[in-house]
>>> print(open('protein32.csv').read())   # CSV, C-alpha atoms
chain,number,residue,atom,x,y,z
A,1,MET,CA,125.6,101.8,39.9
A,2,ARG,CA,126.1,105.3,38.6
A,3,VAL,CA,123.7,107.7,37.0
A,4,ALA,CA,124.3,108.8,33.4
A,5,GLN,CA,122.6,110.5,30.5
A,6,VAL,CA,122.4,108.8,27.1
A,7,ILE,CA,124.1,111.1,24.6
A,8,GLY,CA,124.5,108.9,21.6
A,9,ARG,CA,124.7,105.5,20.0
A,10,VAL,CA,127.6,103.4,18.7
A,11,THR,CA,127.1,101.0,15.7
A,12,LEU,CA,129.6,98.4,14.7
A,13,SER,CA,130.0,96.3,11.6
A,14,ILE,CA,132.7,93.9,12.9
A,15,GLN,CA,132.5,92.9,16.6
A,16,ASP,CA,133.1,90.1,19.0
A,17,PRO,CA,130.5,87.3,18.3
A,18,SER,CA,129.2,87.5,21.9
A,19,PHE,CA,127.9,91.0,21.2
A,20,LYS,CA,125.4,89.8,18.6
A,21,GLY,CA,122.1,91.5,19.1
A,22,GLY,CA,123.3,94.1,21.6
A,23,ARG,CA,123.2,97.9,21.2
A,24,TRP,CA,125.8,100.3,22.4
A,25,LEU,CA,125.1,103.7,23.9
A,26,MET,CA,127.4,106.6,24.7
A,27,VAL,CA,126.6,107.7,28.2
A,28,ASN,CA,127.8,110.7,30.2
A,29,PRO,CA,127.8,110.3,34.0
A,30,LEU,CA,125.9,113.0,35.8
A,31,ASP,CA,127.1,115.2,38.7
A,32,ALA,CA,125.2,115.0,41.9
A,33,GLY,CA,123.8,118.5,41.6
A,34,GLN,CA,122.0,117.5,38.4
A,35,PHE,CA,120.1,114.5,39.8
A,36,ASN,CA,116.9,116.1,40.9
A,37,ASP,CA,116.1,117.8,37.6
A,38,ALA,CA,117.7,115.3,35.2
A,39,CYS,CA,114.6,113.2,34.3
A,40,THR,CA,112.5,116.3,33.3
A,41,ASN,CA,115.1,118.6,31.8
A,42,ALA,CA,118.1,117.3,29.8
A,43,PRO,CA,121.2,118.0,31.9
A,44,ALA,CA,124.3,119.6,30.6
A,45,LEU,CA,127.3,117.5,29.8
A,46,THR,CA,129.7,116.9,32.7
A,47,ASN,CA,133.4,116.7,32.8
A,48,GLN,CA,133.2,113.1,33.7
A,49,SER,CA,134.5,110.6,31.2
A,50,THR,CA,131.9,109.4,28.7
A,51,LEU,CA,131.4,105.6,28.5
A,52,VAL,CA,130.3,103.2,25.9
A,53,ALA,CA,127.8,100.9,27.6
A,54,TYR,CA,126.0,97.8,26.4
A,55,ASP,CA,122.2,98.2,26.4
A,56,ASN,CA,119.5,95.6,26.5
A,57,MET,CA,116.7,97.9,27.5
A,58,GLY,CA,116.2,100.1,24.5
A,59,ALA,CA,117.3,103.4,26.2
A,60,GLY,CA,117.3,106.4,23.9
A,61,ASP,CA,118.9,109.7,23.6
A,62,GLY,CA,118.4,111.9,26.7
A,63,ASP,CA,117.2,109.0,28.9
A,64,ILE,CA,118.7,108.9,32.4
A,65,VAL,CA,120.0,105.5,33.0
A,66,GLY,CA,121.8,103.5,35.7
A,67,ILE,CA,125.1,102.0,34.6
A,68,VAL,CA,127.0,99.2,36.2
A,69,GLU,CA,130.7,98.9,35.5
A,70,GLY,CA,133.3,96.2,36.1
A,71,ALA,CA,132.8,92.5,36.8
A,72,GLU,CA,129.1,92.9,37.6
A,73,ALA,CA,128.5,94.2,34.1
A,74,THR,CA,128.9,90.7,32.8
A,75,ALA,CA,126.6,89.1,35.4
A,76,PRO,CA,123.4,89.1,33.4
A,77,PHE,CA,125.0,86.9,30.7
A,78,ASP,CA,125.2,83.1,30.8
A,79,PHE,CA,128.3,83.2,28.6
A,80,PRO,CA,131.7,85.0,28.8
A,81,ILE,CA,131.4,88.5,27.3
A,82,PRO,CA,134.0,91.2,27.3
A,83,ILE,CA,132.0,94.3,28.4
A,84,ASP,CA,133.0,97.0,30.9
A,85,ALA,CA,129.7,98.8,31.4
A,86,ILE,CA,126.0,97.9,31.0
A,87,THR,CA,122.8,99.9,31.4
A,88,VAL,CA,120.6,98.3,34.1
A,89,ALA,CA,117.8,100.9,34.7
A,90,ILE,CA,116.0,103.8,33.0
A,91,PHE,CA,115.0,106.2,35.8
A,92,ASP,CA,111.7,108.0,36.1
A,93,SER,CA,112.9,110.3,38.9
A,94,LEU,CA,115.8,110.8,41.2
A,95,SER,CA,115.7,112.5,44.6
A,96,TYR,CA,119.1,113.8,45.9
A,97,GLU,CA,118.8,115.8,49.2
A,98,PRO,CA,122.1,115.9,51.0
A,99,PRO,CA,121.9,116.9,54.6
A,100,VAL,CA,122.3,120.6,55.3
A,101,THR,CA,125.5,121.3,57.4
A,102,ASP,CA,126.3,124.4,59.4
A,103,SER,CA,129.8,124.8,58.2
B,1,MET,CA,117.0,101.8,45.3
B,2,MET,CA,118.7,104.5,47.4
B,3,LEU,CA,121.2,107.2,46.5
B,4,CYS,CA,124.1,106.9,49.0
B,5,GLN,CA,127.2,109.0,49.4
B,6,ALA,CA,130.3,108.3,51.5
B,7,LEU,CA,131.0,110.2,54.7
B,8,ASP,CA,134.3,111.6,56.0
B,9,PRO,CA,135.2,111.4,59.7
B,10,GLU,CA,133.3,114.7,60.3
B,11,LEU,CA,130.2,113.2,58.6
B,12,GLY,CA,130.6,115.4,55.6
B,13,LEU,CA,129.7,114.0,52.2
B,14,ILE,CA,132.7,112.9,50.1
B,15,GLY,CA,133.1,111.4,46.7
B,16,ALA,CA,130.4,110.7,44.1
B,17,PRO,CA,126.9,109.3,45.0
B,18,MET,CA,126.2,105.7,44.3
B,19,ILE,CA,123.0,103.7,44.0
B,20,ALA,CA,122.5,100.8,46.4
B,21,ILE,CA,119.6,98.4,47.0
B,22,ASP,CA,118.0,98.7,50.4
B,23,LEU,CA,116.5,95.7,52.4
B,24,PHE,CA,116.0,97.5,55.7
B,25,GLY,CA,113.9,100.6,54.9
B,26,ALA,CA,116.6,103.2,55.4
B,27,GLY,CA,115.2,106.7,55.5
B,28,LEU,CA,116.5,110.0,54.2
B,29,HIS,CA,119.7,111.0,55.9
B,30,SER,CA,120.1,107.6,57.6
B,31,LYS,CA,123.7,106.6,58.3
B,32,VAL,CA,124.1,103.2,56.6
B,33,MET,CA,126.9,100.7,55.8
B,34,VAL,CA,127.1,99.9,52.1
B,35,SER,CA,128.7,96.8,50.8
B,36,THR,CA,130.3,96.7,47.4
B,37,ASP,CA,130.5,93.0,47.3
B,38,GLY,CA,128.8,91.9,44.0
B,39,LEU,CA,128.7,88.2,45.0
B,40,GLY,CA,127.0,89.0,48.3
B,41,ALA,CA,124.5,91.2,46.5
B,42,ARG,CA,123.6,88.5,44.0
B,43,HIS,CA,123.0,86.1,47.0
B,44,ILE,CA,120.7,88.7,48.6
B,45,VAL,CA,118.5,89.1,45.5
B,46,HIS,CA,118.6,85.3,44.9
B,47,ASP,CA,119.6,85.9,41.3
B,48,ASP,CA,123.0,84.8,40.0
B,49,ASN,CA,122.6,87.0,36.9
B,50,SER,CA,121.8,90.3,38.7
B,51,PRO,CA,124.3,93.1,37.9
B,52,ILE,CA,123.8,94.7,41.3
B,53,ARG,CA,126.9,95.4,43.4
B,54,ASN,CA,126.1,98.0,46.1
B,55,PHE,CA,123.7,97.0,48.9
B,56,ILE,CA,122.9,98.5,52.3
B,57,GLN,CA,124.2,96.1,54.9
B,58,GLY,CA,122.7,97.8,57.9
B,59,ILE,CA,121.5,101.1,59.5
B,60,VAL,CA,124.0,102.6,62.0
B,61,ASP,CA,122.8,103.6,65.4
>>> encode(input="protein32.csv", output="structure tokens")
Amino acid sequence: MRVAQVIGRVTLSIQDPSFKGGRWLMVNPLDAGQFNDACTNAPALTNQSTLVAYDNMGAGDGDIVGIVEGAEATAPFDFPIPIDAITVAIFDSLSYEPPVTDS
Amino acid sequence: MMLCQALDPELGLIGAPMIAIDLFGAGLHSKVMVSTDGLGARHIVHDDNSPIRNFIQGIVD
């Protein structure tokens, strides 16, 4: 699971039938240095590739979400569905405290 | 859920952090082994529809 900020929505008029009822969000993965502050102050966009993720939770613009990519993204569905990324959590807070090294 | 980051041979952090579920109560700065086996993770949470992939397998002494 990766941490990302919701930065927009995607709407479709024609789509695969298995997508019926789903929403699509544009999400921009965060850099580690942004984690601690992300849930209170909107973080800046990063250089990481923005993804379109399927959303079943109702996440909105600016929310910090957990996204799962790859085969596990399809696990919540009982039918085959061609998705690459899905939102699985809306975070209240993140604590990133890497150990301090001497070097 | 725990934020985990891979270590290089000198125990420096490398790569991007990932989120893993933790069954063992790992603490801050614990050295852990993280599995990325989605099938195993679904077994552990007893839910065939869980999208979880990363889980902490053990805490390294």
>>> interface_residues(input="protein32.csv", of="chain B", to="chain A", cutoff="10 Å", atoms="only C-alpha atoms", output="MDAnalysis selection string")
chainID B and resid 1:5 11:13 15:21 28:30 37:39 42 47:54
>>> atom_distance(input="protein32.csv", atom1="atom CA of A:Tyr54", atom2="atom CA of A:Ile14")
15.6 Å
>>> residues_near_point(input="protein32.csv", point="(116.4, 97.7, 51.6)", cutoff="8 Å", atoms="all atoms listed in the file", output="NGL selection string")
:B and (1 or 21-26 or 55-56)
>>> write_last_selection(input="protein32.csv", atoms="C-alpha atoms", output="PDB file, in the coordinates of the input")
ATOM      1  CA  MET B   1     117.000 101.800  45.300  1.00  0.00           C
ATOM      2  CA  ILE B  21     119.600  98.400  47.000  1.00  0.00           C
ATOM      3  CA  ASP B  22     118.000  98.700  50.400  1.00  0.00           C
ATOM      4  CA  LEU B  23     116.500  95.700  52.400  1.00  0.00           C
ATOM      5  CA  PHE B  24     116.000  97.500  55.700  1.00  0.00           C
ATOM      6  CA  GLY B  25     113.900 100.600  54.900  1.00  0.00           C
ATOM      7  CA  ALA B  26     116.600 103.200  55.400  1.00  0.00           C
ATOM      8  CA  PHE B  55     123.700  97.000  48.900  1.00  0.00           C
ATOM      9  CA  ILE B  56     122.900  98.500  52.300  1.00  0.00           C
TER      10      ILE B  56
END
>>> atom_distance(input="protein32.csv", atom1="atom CA of A:Asp16", atom2="atom CA of A:Pro82")
8.4 Å
>>> atom_distance(input="protein32.csv", atom1="atom CA of A:Asp92", atom2="atom CA of A:Asn56")
17.5 Å
>>> residues_around(input="protein32.csv", residues="B:Gln57", least_positions_apart="4", cutoff="7 Å", atoms="all atoms listed in the file", output="CSV table (one decimal) with C-alpha atoms, in the frame of the given file")
chain,number,residue,atom,x,y,z
B,33,MET,CA,126.9,100.7,55.8
B,34,VAL,CA,127.1,99.9,52.1
B,35,SER,CA,128.7,96.8,50.8
>>> build_atoms(input="protein32.csv", residues="stretch 14-25 of chain B", atoms="N, CA and C atoms", output="CSV table (one decimal), keeping the file's coordinate frame")
chain,number,residue,atom,x,y,z
B,14,ILE,N,131.5,113.0,50.9
B,14,ILE,CA,132.7,112.9,50.1
B,14,ILE,C,132.4,112.0,48.9
B,15,GLY,N,133.1,112.2,47.8
B,15,GLY,CA,133.1,111.4,46.7
B,15,GLY,C,131.8,111.5,45.9
B,16,ALA,N,131.6,110.6,44.9
B,16,ALA,CA,130.4,110.7,44.1
B,16,ALA,C,129.3,109.8,44.7
B,17,PRO,N,128.0,110.2,44.5
B,17,PRO,CA,126.9,109.3,45.0
B,17,PRO,C,126.9,108.0,44.3
B,18,MET,N,126.4,107.0,44.9
B,18,MET,CA,126.2,105.7,44.3
B,18,MET,C,124.8,105.2,44.6
B,19,ILE,N,124.3,104.3,43.8
B,19,ILE,CA,123.0,103.7,44.0
B,19,ILE,C,123.1,102.3,44.6
B,20,ALA,N,122.4,102.1,45.7
B,20,ALA,CA,122.5,100.8,46.4
B,20,ALA,C,121.1,100.3,46.6
B,21,ILE,N,120.9,99.0,46.6
B,21,ILE,CA,119.6,98.4,47.0
B,21,ILE,C,119.5,98.4,48.5
B,22,ASP,N,118.3,98.5,49.0
B,22,ASP,CA,118.0,98.7,50.4
B,22,ASP,C,117.0,97.6,50.9
B,23,LEU,N,117.4,96.8,51.8
B,23,LEU,CA,116.5,95.7,52.4
B,23,LEU,C,115.9,96.1,53.7
B,24,PHE,N,116.4,97.2,54.3
B,24,PHE,CA,116.0,97.5,55.7
B,24,PHE,C,115.1,98.7,55.8
B,25,GLY,N,114.8,99.4,54.8
B,25,GLY,CA,113.9,100.6,54.9
B,25,GLY,C,114.7,101.8,55.4
